[in-house]
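Read through the structure below, which is laid out as structure tokens, and then see the notes.
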Amino acid sequence: MNDKRRIIIDCDPGHDDAVAIMLAARNPKIELLGITTVNGNQTLEKVTRNALNVCQYLNIDVPICKGLAGPIVRTAPPVEERVHGDSGLDGPVFDPLTKELDPRHAVDFIIETVMGSDKPVTLVPTGPLSNVAMAMRKEPRILENIDEIVLMGGAYQHGNVTPAAEFNIYADAEAAHVVFSCGVPVVMMGLDLTRQALCYPEVVERMSHVKTKAGKLFVDLMNFFCMTQKRTFGWAGGPLHDPTTVAYLIEPSCIETKEMFTEIDITGGQSHGRTNCDFFNLMTDKEKNSKVAVKLDVEKFWDIVEENLKLYEEL
Ligand code: BDR
Ligand code: CA
């Protein structure tokens, strides 16, 4: 048995999701068991196509399974075209797609893979939590073989889709409630952390010296991403949210976390989808169910990105 961390990335690519995949697929400390897709940044069809395109271009040979086309209870919020473009991954131009999907539904893939693994699996969700919650409800025994859920979502400070809520949690708050209350430890890379991972033009310039296919894809993705961040929010560098999850798995010391109780607001009011994080441990009767990320070692983070982009075929 190898000692690599076994992970499944459940995602909605997405520029930052694509970078998360790049960091995980070749890293020697990680065994990427598969990629599952979920409606989020863009429609399920588009994000699934994007996952296939990224893996075809980078020769990443893992099962890719399509999941839920919307949240488990409510209707989906609008897709995020302003940031990720019409395709959900605007910027790079890919060859015609020949890579095929794995025929299994994402929910069944998660269940089969976790149940069939002879050591615990880590789930790495970087989109809305619909597939993960559904898998937990369909086969609760998977909880016994998941060691951690390292996800991007939420914020203990300010949201990005409403003042209170972050997109991934807001997009399927009931699913997030299932996940945060499932009993498996959650590591939450919220906006408080990811807003420290700002991809400025200097970063893009630095990565342009990595002459691999992944280096080129990073640059093509980030040139578009920086442009939309500037146009939409007026920022020169956008937060590269999702790769913080994988960076944490590769080198936990690059992210400082604080253990606390976190509960999702599913009341449907103006704070719907908020991650209510008990930062000051006020609710002493509640068990701490999450490690919430508070501080990023920015230098170490970009070093991790660069080192992992170098692991791909030269151009
Ligand atoms: C999250 O929403 C998406 O736009 C990103 O891919 C990230 O997962 C940030 O709120
Ligand atoms: Ca995402």
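By convention in this document, the chains of the structure tokens carry letters A, B, ... by their order, each chain's residues are numbered from 1, and ligands are numbered from 1 in the order they are shown.
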Next on the checklist: To check your reading of the model: which residues sit at most 8 Å from ligand 2 when counting only C-alpha atoms and all ligand atoms? Write the answer as a ChimeraX atom specification.
Outcome noted: /A:11-17,40-41,126-128,152,168,241-242
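Using only C-alpha atoms, the protein and nucleic acid residues lying no more than 10 Å from Asp108 of chain A, apart from those fewer than 3 places from it along its own chain, are A:Cys65, A:Gly67, A:Arg104, A:His105, A:Ile111, A:Glu112, A:Thr113, A:Val114, A:Asn131, A:Met134, A:Ala135, A:Lys138, A:Glu139.
For the residues A:Asn2, A:Ile110, A:Gly190, A:Lys291, ranking by smallest atom-to-atom distance to His158 of chain A using only C-alpha atoms places A:Gly190 first.
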Give the strand (DSSP E) residues of segment 147-217 of chain A, as DSSP finds them on the backbone, and put them as a PDB file with N, CA and C atoms, in the first residue's frame.
```pdb
ATOM      1  N   ASP A 147     -11.532  10.341   5.577  1.00  0.00           N
ATOM      2  CA  ASP A 147     -10.772  10.857   6.724  1.00  0.00           C
ATOM      3  C   ASP A 147     -10.969  12.349   6.923  1.00  0.00           C
ATOM      4  N   GLU A 148     -11.200  13.065   5.825  1.00  0.00           N
ATOM      5  CA  GLU A 148     -11.320  14.522   5.918  1.00  0.00           C
ATOM      6  C   GLU A 148     -12.008  15.032   4.654  1.00  0.00           C
ATOM      7  N   ILE A 149     -12.679  16.152   4.796  1.00  0.00           N
ATOM      8  CA  ILE A 149     -13.258  16.821   3.627  1.00  0.00           C
ATOM      9  C   ILE A 149     -12.587  18.190   3.571  1.00  0.00           C
ATOM     10  N   VAL A 150     -11.741  18.372   2.575  1.00  0.00           N
ATOM     11  CA  VAL A 150     -10.996  19.634   2.470  1.00  0.00           C
ATOM     12  C   VAL A 150     -11.660  20.424   1.342  1.00  0.00           C
ATOM     13  N   LEU A 151     -12.446  21.407   1.701  1.00  0.00           N
ATOM     14  CA  LEU A 151     -13.283  22.062   0.686  1.00  0.00           C
ATOM     15  C   LEU A 151     -12.999  23.549   0.557  1.00  0.00           C
ATOM     16  N   MET A 152     -13.332  24.067  -0.624  1.00  0.00           N
ATOM     17  CA  MET A 152     -13.345  25.518  -0.800  1.00  0.00           C
ATOM     18  C   MET A 152     -14.796  25.966  -0.698  1.00  0.00           C
ATOM     19  N   VAL A 186     -14.182  18.681   8.680  1.00  0.00           N
ATOM     20  CA  VAL A 186     -14.165  19.520   7.476  1.00  0.00           C
ATOM     21  C   VAL A 186     -13.040  20.549   7.623  1.00  0.00           C
ATOM     22  N   VAL A 187     -12.238  20.679   6.584  1.00  0.00           N
ATOM     23  CA  VAL A 187     -11.264  21.781   6.544  1.00  0.00           C
ATOM     24  C   VAL A 187     -11.831  22.784   5.549  1.00  0.00           C
ATOM     25  N   MET A 188     -12.094  23.983   6.031  1.00  0.00           N
ATOM     26  CA  MET A 188     -12.802  24.972   5.198  1.00  0.00           C
ATOM     27  C   MET A 188     -11.856  26.065   4.704  1.00  0.00           C
ATOM     28  N   MET A 189     -11.621  26.046   3.395  1.00  0.00           N
ATOM     29  CA  MET A 189     -10.865  27.129   2.771  1.00  0.00           C
ATOM     30  C   MET A 189     -11.889  28.173   2.330  1.00  0.00           C
ATOM     31  N   LEU A 198      -3.992  36.051  -4.058  1.00  0.00           N
ATOM     32  CA  LEU A 198      -4.332  36.921  -5.188  1.00  0.00           C
ATOM     33  C   LEU A 198      -3.378  36.713  -6.354  1.00  0.00           C
ATOM     34  N   CYS A 199      -3.977  36.387  -7.491  1.00  0.00           N
ATOM     35  CA  CYS A 199      -3.159  36.089  -8.661  1.00  0.00           C
ATOM     36  C   CYS A 199      -2.916  37.378  -9.463  1.00  0.00           C
TER      37      CYS A 199
END
```
Checklist entry - Quick one, how far is atom CA of Asp3 of chain A from atom CA of Leu123 of chain A? => result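 Calculated distance between atom CA of Asp3 of chain A and atom CA of Leu123 of chain A is 16.5 Å.
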Item to check | 7 Å contact set for Val178 of chain A, only C-alpha atoms, chain neighbours under 4 positions out, as a ChimeraX atom specification | outcome: /A:133,174,182
Serialized selection, all heavy atoms, as a PDB file, in the first residue's frame:
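Here's the written file out_20.pdb:
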```
ATOM      1  N   ALA A 133     -23.121  15.582  -0.717  1.00  0.00           N
ATOM      2  CA  ALA A 133     -24.233  15.390   0.223  1.00  0.00           C
ATOM      3  C   ALA A 133     -25.103  14.223  -0.227  1.00  0.00           C
ATOM      4  O   ALA A 133     -25.529  13.390   0.592  1.00  0.00           O
ATOM      5  CB  ALA A 133     -25.056  16.668   0.313  1.00  0.00           C
ATOM      6  N   GLU A 174     -28.341  23.551   1.524  1.00  0.00           N
ATOM      7  CA  GLU A 174     -28.805  22.341   2.217  1.00  0.00           C
ATOM      8  C   GLU A 174     -27.752  21.235   2.114  1.00  0.00           C
ATOM      9  O   GLU A 174     -27.504  20.498   3.073  1.00  0.00           O
ATOM     10  CB  GLU A 174     -30.151  21.861   1.645  1.00  0.00           C
ATOM     11  CG  GLU A 174     -31.353  22.667   2.113  1.00  0.00           C
ATOM     12  CD  GLU A 174     -31.515  24.011   1.418  1.00  0.00           C
ATOM     13  OE1 GLU A 174     -30.805  24.261   0.420  1.00  0.00           O
ATOM     14  OE2 GLU A 174     -32.357  24.812   1.874  1.00  0.00           O
ATOM     15  N   CYS A 182     -21.949  16.118   9.055  1.00  0.00           N
ATOM     16  CA  CYS A 182     -21.870  14.661   8.832  1.00  0.00           C
ATOM     17  C   CYS A 182     -20.994  13.935   9.835  1.00  0.00           C
ATOM     18  O   CYS A 182     -20.989  12.709   9.887  1.00  0.00           O
ATOM     19  CB  CYS A 182     -21.394  14.383   7.413  1.00  0.00           C
ATOM     20  SG  CYS A 182     -19.619  14.664   7.186  1.00  0.00           S
TER      21      CYS A 182
END
```
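The shortest atom-to-atom distance to Leu129 of chain A, with only C-alpha atoms taken into account, belongs to A:Val107 out of A:Leu101, A:Leu217, A:Met227, A:Val107.
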